[in-house]
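Colleague: Let me give you the structure first, and then I'll get to my questions.
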Amino acid sequence: MKIFFSVCRHTIILIALLSVSNELLAQILQVSVQDAATNPIENVQVWVDSRIQGKTDNQGVLAFNQPSRSQFQIRISKVGYSDQVRNVHIDTVSAPIEFTLGSGQQMEQIVVTAGRKPESIANVPSSISILNARDIEMQSQISTNIASVLGNTIPGLGTSTAKGSNAGQTLRGRAVLILIDGIPQSTPLMNGARDMRSVDPAVLERVEVIKGATSIYGNGSAGGVINYITKKNDPNAPRIGGTTTVRGTLAPGEASETGGYRFAQSLYGRSNKWNYAVSGVMDYTGLQRDGDGLPLGQTDGLSNNRQYNAFMKVGYDIDEKSDLTLVYNFFNSLQDARYISQIGTYGEEPTIGVRGTDPGANTGTRFNHNAMLSYRNAQIFGNTSLNAAAFINSFSSMNRYVEETPSWFGPGQTMINSNKKGLRVDLNTPFDLGSVPSEVTYGVDVLHDVTFQDLTDGRVFVPKMNMINYAPFAQLTLNLVDQLIFKGGIRYENANVKINDFSTLATGPNGEGSVAVQGGEVPYSAATFNAGLRYSKYALFNPFISFSQGFTINELGRIVRNATESDLTRIQTDPIVTNNYEAGFSSQWNNIHFSAAYFISTSKLGLSLVANDEGIFRSQRAPERIYGFEAAADIRITPQWTIGGTYSYVEGKIEAEDGTKTYLNGTRIMPPKATGYLDFQPRNDLSFQLSWVHTGSRARFERNANGVFRGNEGAVETIDLLNLNASYRMNKNWNLGLGVSNLLNKTYYTVYSQYGANAANYVRGEGALASLNLQYTF
C-alpha cells in the first residue's frame with residue numbers, strides 16, 4: 001500500500017510539474033529574423049509594445065514571455081535595415097513570428113512625438129511629416145540652415161525667411177512649438193522667432209513634424225510641434241567611431257567674398273553598459289549675393305555669419321529594460337557683418353549691402369544651452385513603462401540695432417532672454433478593456449519659464465515674466481476592432497505669470513508716452529481635448545479623422561509692452577485656445593505612396609500683429625478661422641528612379657467686432673507651396689537629386705489712402721527655385737557630396753520681403769551657391 005501511495009504521490013507531482021512546464025512553455029513566444037536569402041540575422045533588437053525584449057541570437061531567434069494582452073505590437077530594428085512593425089493577435093500565433101529584413105526596404109516609419117511613446121505612424125490619427133537621417137544629410141549639402149531645410153520639404157510650413165529669424169514661418173498659419181528631444185525651445189511669452197534655428201543639422205537623427213494643434217504638448221503648440229531628435233548610438237556601435245566633415249561654399253556667379261567653410265567632427269561609441277556621442281560644428285557663411293551679384297541687404301541677414309554647435313550624449317544601460325541618458329547641446333549663431341544696408345524702395349529697388357560697420361552688437365542667437373537627464377524603464381511596475389526627464393534651457397538672442405523706431409524714443413538694440421527649468425514624466429500602461437486591447441499614456445509636465453526683453457543701454461522693453469506651469473495629461477488608445485484605432489486625451493493647463501510693477505518705454509523726449517503699470521499675477525487655466533480615429537488595416541486606404549485643441553500664451557510680452565492701461569488686470573491677456581479639425585488618408589499601392597489631408601483651425605480669441613497707416617504694430621485679439629489642405633506623393637518608377645512632390649494651401653480670416661472679416665496678413669498665412677524632387681541612384685555608391693520649390697502668389701490686400709501697403713500686407717508674386725545635390729561614396733570610409741542651391745541663379749525677392757511691405761526688409765534672395773562636402777567615417 002505504501003508503494004502504491006508513493007507511486008501516486010510521485011505521479012501527481014510529475015503531472016503537476018508537467019502541467020506547470022506546459023503552461024510555462026505556452027507563455028514563451030519566439031521571433032525569428034532572416035534576410036531575403038533566408039540566412040538568420042543576429043543582434044536584431046526586438047520590442048514588444050515599446051518595451052525592449054533583447055536581441056536575436058546567432059540563429060536569428062529571440063524568445064520572450066508572452067504579454068498579458070491578447071493583441072500586441074512587435075517592432076524589430078537593426079542598423080542597415082528599415083524598422084519593421086507588426087500587430088500580433090495571440091490566437092493566431094502557432095509558430096515563431098517570422099520577419100524578413102532587406103536592406104533599403106520601405107517599411108513603416110516610427111514616431112515618438114505624436115503620443116510621447118514609440119508607435120507606428122500608420123496608427124496615429126493626424127498628419128505627420130518626418131525627415132530621416134538621409135533626408136537631412138542630402139538637404140544639408142544644399143543648406144545647413146535647418147529653417148531652410150524644413151521650409152523646402154515640409155508641407156504646410158512656410159518657406160525660410162533667409163534671415164537670422166524665422167518670423168512668419170508658421171505651420172498651417174499658427175505658431176509652432178520647437179523641441180529638441182522634447183525640451184521646448186520656443187519662447188511663447190515673447191516670441192523671438194529664433195527657435196527654429198536652435199540646433200545644427202549635423203547632430204540630428206531625424207525631425208518629426210506633427211501638424212495641427214495638440215493637447216499632448218502644451219504652451220505654444222497651436223500650430224503643431226517640430227521635434228528635433230538628436231543622434232543616438234546603435235547597440236552594435238564600436239568602442240570608438242566617428243565622422244569628420246569638411247565643407248566649402250562659393251557663389252559661382254560673382255565669387256568675391258562669398259567663400260564659406262564648415263568643419264564638423266563627431267565621435268561615438270559603446271563600451272559594456274556605457275555609450276556616448278559627442279560632436280562639434282563650426283560653420284562660416286561668406287557674403288551673400290543675389291542673382292545679379294549684388295550683396296544682399298544686411299538687415300538681420302546671414303552674411304558673414306558664424307555658427308557653432310557642441311553636442312554630448314552619454315547613456316548608461318542599467319539593465320535590459322532601463323537606462324539613463326544625459327544630453328547637452330550648445331548653439332550659437334551671430335552675424336559679424338562687414339556690410340551695412342543701403343535702404344531701397346519697396347516694390348521698386350532692393351535694399352542692398354554696402355561697405356560699412358554696424359554700430360550695434362552682432363545680431364543673432366548669443367547662446368542656447370540645453371541640458372537634460374532622462375530615465376527610461378520599460379517595466380517600472382506590472383506592464384507599465386516610465387519615461388522621466390528633467391531639463392534646463394537658457395537662451396539669449398540679440399535683435400538688430402535701429403536708429404529710430406515707433407516703439408521707443410531714440411536709437412537702441414534689444415535682447416530677448418529666456419531661462420527654463422522643467423520636468424516631464426510619462427507613464428504608459430497597456431490593458432484589455434473587455435476584449436479590446438487598450439493602453440493609457442499619462443503624466444505631468446512642469447515648466448518654470450522666466451522671459452524678458454531689455455535694451456542694451458539698460459532700459460526695460462518687456463519686464464520679467466515669471467511663469468510656473470503645471471499640466472497633467474492622459475491619452476487613451478483603443479483598438480476597437482481589427483485595426484480601427486481610437487485615440488482620445490485631455491490636458492489641463494494651469495499657469496501663473498507674475499509680473500512686477502514696470503513702466504512702458506517712452507516714445508518721446510522727457511518720458512513722453514510712458515505708462516506706469518501696476519504689476520500682478522496673470523492666471524491661466526484651460527482643459528484641452530483631442531480625439532481621433534484611424535483605420536489602418538489596408539495599406540491601399542488608411543483614413544483618419546481627428547479633433548484636437550491647442551493652448552498658447554503667445555506674445556504676452558508684446559501685449560504687456562504696449563500697455564495703455566495702468567493696471568495689469570485690465571489688459572486683455574487671455575490665452576489662445578485653438579480647435580483643429582482634420583480628415584485625411586494615406587495610400588500605398590505597389591511603389592506608389594500618396595497622402596492627403598484637409599483641416600480647419602478656429603480660435604475664439606486669436607492674436608495677430610496688425611499695422612496702422614503710421615507703421616505701428618498692435619496686437620489684435622479677435623476670432624480667427626484658418627483652413628487648407630495638403631497632399632504628398634512618392635513614386636518609385638524603377639529601383640534607380642524615384643519622383644515625388646507635395647502641395648499645401650493655407651488661408652485664414654479674422655473677424656472684427658462689427659462682424660467684418662478680413663484676411664490674415666503675411667506673418668500668419670503663407671502663399672500656396674509646392675515641392676518636387678527627382679531622385680536618381682544609378683549605383684549603390686552614387687546618387688543625384690534635383691529638387692524644386694514653388695511658392696505661389698497671394699494678393700489679399702489693397703493699398704491704403706497713401707497709396708502704400710500696410711506692414712505685412714504686401715502682395716506676393718510667384719517664386720520657382722531649383723536645387724541640386726549629389727553624393728558619391730568612394731569607399732567605405734570616404735564620401736564626396738556636391739550641392740547647388742538656386743541652380744539657375746535666379747534673381748528674386750523672398751516671400752518675407754514681399755509681404756513685409758517694408759523698405760528695409762525689401763531684400764532679394766541669395767543667388768546660386770555651390771558647396772563641396774568631403775566626409776570621412778571611421
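Letters for chains follow the order of the C-alpha cells (A, B, ...), residue numbers begin at 1 for each chain, and ligand numbers begin at 1 in the order shown.
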In range 35-283 of chain A, what's helix (DSSP H, G or I) per DSSP? Answer as a compact mmCIF listing (two decimals) with C-alpha atoms, in the first residue's frame?
Modeller:
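Contents of the output file selection26.txt:
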# COMPACT_ATOMS: atom_id res chain seq x y z
CA ILE A 90 -2.13 35.77 -29.67
CA ASP A 91 -4.83 33.45 -31.08
CA THR A 92 -3.10 33.43 -34.46
CA ILE A 121 2.99 56.29 -37.99
CA ALA A 122 0.14 54.30 -39.57
CA ASN A 123 -1.66 54.25 -36.19
CA ALA A 133 18.86 60.90 -41.48
CA ARG A 134 19.31 60.54 -45.25
CA ASP A 135 16.90 63.43 -45.94
CA ILE A 136 18.78 65.68 -43.53
CA GLU A 137 22.15 64.69 -44.95
CA MET A 138 21.07 65.28 -48.55
CA GLN A 139 19.39 68.62 -47.81
CA SER A 140 22.38 69.77 -45.73
CA ILE A 146 17.76 73.97 -40.64
CA ALA A 147 14.97 76.53 -41.18
CA SER A 148 15.63 76.37 -44.95
CA VAL A 149 15.77 72.56 -44.88
CA LEU A 150 12.36 72.38 -43.22
CA GLY A 151 10.81 75.13 -45.32
CA PRO A 201 21.53 69.59 -38.53
CA ALA A 202 24.75 67.60 -38.03
CA VAL A 203 23.55 66.36 -34.63
Colleague: Pick out the residues sitting within 12 Å of Gly224 in chain A, and hand them over as a VMD selection string; count only C-alpha atoms, and ignore anything fewer than 4 positions along from it in its own chain.
Modeller: chain A and resid 113 to 114 126 to 129 156 to 157 170 to 179 208 to 220 548 to 552 578 to 580 601
Colleague: May I have the residues from that selection written out with C-alpha atoms, as a JSON list (two decimals), in the first residue's frame?
Modeller:
[["chain", "number", "residue", "atom", "x", "y", "z"],
["A", 113, "THR", "CA", 6.37, 62.75, -30.68],
["A", 114, "ALA", "CA", 2.71, 62.24, -31.52],
["A", 126, "SER", "CA", -3.11, 63.12, -37.55],
["A", 127, "SER", "CA", -0.81, 64.42, -40.28],
["A", 128, "ILE", "CA", 2.87, 63.77, -39.67],
["A", 129, "SER", "CA", 5.96, 64.58, -41.72],
["A", 156, "GLY", "CA", 2.16, 73.43, -44.53],
["A", 157, "LEU", "CA", 5.31, 75.09, -43.18],
["A", 170, "THR", "CA", 4.26, 79.44, -39.39],
["A", 171, "LEU", "CA", 2.83, 75.92, -39.57],
["A", 172, "ARG", "CA", -0.67, 75.92, -41.02],
["A", 173, "GLY", "CA", -0.98, 79.60, -40.17],
["A", 174, "ARG", "CA", -0.18, 79.30, -36.49],
["A", 175, "ALA", "CA", 2.79, 79.32, -34.13],
["A", 176, "VAL", "CA", 4.69, 76.05, -33.88],
["A", 177, "LEU", "CA", 6.35, 74.64, -30.77],
["A", 178, "ILE", "CA", 10.01, 73.76, -31.37],
["A", 179, "LEU", "CA", 11.53, 70.98, -29.26],
["A", 208, "GLU", "CA", 9.30, 64.88, -36.61],
["A", 209, "VAL", "CA", 6.61, 67.40, -37.52],
["A", 210, "ILE", "CA", 3.13, 66.95, -36.03],
["A", 211, "LYS", "CA", 0.59, 69.15, -37.85],
["A", 212, "GLY", "CA", -2.24, 70.99, -36.14],
["A", 213, "ALA", "CA", -2.98, 71.75, -32.51],
["A", 214, "THR", "CA", -2.10, 69.10, -29.97],
["A", 215, "SER", "CA", -3.20, 68.72, -26.35],
["A", 216, "ILE", "CA", -0.43, 66.21, -25.66],
["A", 217, "TYR", "CA", 2.11, 69.04, -25.75],
["A", 218, "GLY", "CA", 1.40, 72.34, -24.11],
["A", 219, "ASN", "CA", 2.03, 76.06, -24.36],
["A", 220, "GLY", "CA", 2.99, 77.22, -27.84],
["A", 548, "SER", "CA", -7.58, 68.47, -31.21],
["A", 549, "GLN", "CA", -7.14, 71.61, -29.16],
["A", 550, "GLY", "CA", -4.06, 73.68, -28.54],
["A", 551, "PHE", "CA", -3.15, 76.20, -25.85],
["A", 552, "THR", "CA", -0.69, 79.05, -26.02],
["A", 578, "THR", "CA", -7.42, 76.64, -30.88],
["A", 579, "ASN", "CA", -9.76, 73.96, -32.21],
["A", 580, "ASN", "CA", -8.33, 71.86, -35.00],
["A", 601, "SER", "CA", -8.45, 75.62, -37.31]]
Colleague: Can you build me a table of range 541-628 of chain A residues sitting at most 12 Å from range 738-756 of chain A, with the closest atom pair per residue and its distance in Å to one decimal, using only C-alpha atoms, sorted by chain and residue number, as a tab-separated table?
Modeller:
residue	atom	partner	partner_atom	distance
A:Leu609	CA	A:Gly756	CA	11.9
A:Val610	CA	A:Gly756	CA	11.5
A:Ala611	CA	A:Gly756	CA	10.6
A:Gly615	CA	A:Gly756	CA	11.1
Colleague: From the options A:Asp679, A:Arg668, A:Tyr663, A:Arg764, which residue's atoms come nearest to Ala699 in chain A, counting only C-alpha atoms?
Modeller: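 Residue with the minimum atom-to-atom distance to Ala699 in chain A: A:Tyr663.
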Colleague: Write out as a VMD selection string the residues lying within 12 Å of range 496-499 of chain A, counting only C-alpha atoms and excluding same-chain residues fewer than 2 positions away.
Modeller: chain A and resid 189 447 to 452 462 to 471 493 to 494 501 to 503 517 to 526 553 556 to 557 560 to 561 567 to 569 573 to 575
Colleague: Could you write out the selected residues, including C-alpha atoms, as a CSV table (one decimal), in the first residue's frame?
Modeller:
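Output contents, as saved in out_7.csv:
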chain,number,residue,atom,x,y,z
A,189,LEU,CA,5.8,84.6,-23.6
A,447,LEU,CA,7.7,74.2,-16.5
A,448,HIS,CA,9.3,77.3,-14.9
A,449,ASP,CA,9.9,80.0,-17.6
A,450,VAL,CA,11.4,83.4,-17.0
A,451,THR,CA,11.4,85.6,-20.1
A,452,PHE,CA,12.2,89.3,-20.6
A,462,VAL,CA,9.4,93.8,-21.7
A,463,PRO,CA,9.5,93.2,-18.0
A,464,LYS,CA,10.4,89.8,-16.5
A,465,MET,CA,7.5,87.4,-16.9
A,466,ASN,CA,7.9,84.7,-14.3
A,467,MET,CA,5.7,81.7,-15.3
A,468,ILE,CA,5.1,78.4,-13.5
A,469,ASN,CA,3.0,75.9,-15.5
A,470,TYR,CA,1.7,72.6,-14.3
A,471,ALA,CA,0.0,70.4,-16.8
A,493,GLU,CA,-3.1,73.7,-18.3
A,494,ASN,CA,-2.6,75.6,-15.0
A,501,ASP,CA,5.5,96.9,-11.5
A,502,PHE,CA,7.0,98.5,-14.6
A,503,SER,CA,6.8,101.5,-16.9
A,517,VAL,CA,1.8,99.8,-15.0
A,518,GLN,CA,1.0,98.1,-11.7
A,519,GLY,CA,2.2,94.5,-11.7
A,520,GLY,CA,0.5,91.5,-10.5
A,521,GLU,CA,-0.3,87.9,-11.5
A,522,VAL,CA,-1.9,86.7,-14.6
A,523,PRO,CA,-3.5,83.3,-14.1
A,524,TYR,CA,-4.2,80.9,-17.0
A,525,SER,CA,-6.2,77.7,-16.9
A,526,ALA,CA,-7.8,75.6,-19.6
A,553,ILE,CA,0.1,82.2,-24.1
A,556,LEU,CA,2.1,88.1,-23.8
A,557,GLY,CA,5.3,90.3,-23.7
A,560,VAL,CA,2.3,94.0,-22.0
A,561,ARG,CA,4.9,96.2,-23.5
A,567,ASP,CA,-3.5,98.2,-14.1
A,568,LEU,CA,-2.3,94.8,-15.4
A,569,THR,CA,-5.6,93.2,-14.7
A,573,THR,CA,-4.2,88.8,-21.7
A,574,ASP,CA,-6.4,85.8,-22.3
A,575,PRO,CA,-4.7,82.7,-23.8
Colleague: With only C-alpha atoms as the atoms that count, which of A:Gln53, A:Gln71, A:Gln588, A:Ser697 lies nearest to Ser435 in chain A?
Modeller: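 For Ser435 in chain A, the nearest of the given residues is A:Gln71.
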Colleague: Pick out the residues sitting within 6 Å of Asn309 in chain A, and hand them over as a list in words; count only C-alpha atoms, and ignore anything fewer than 3 positions along from it in its own chain.
Modeller: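 Final neighbour list, sorted by chain and number: Gly280, Val281, Phe330 and Phe331 of chain A.
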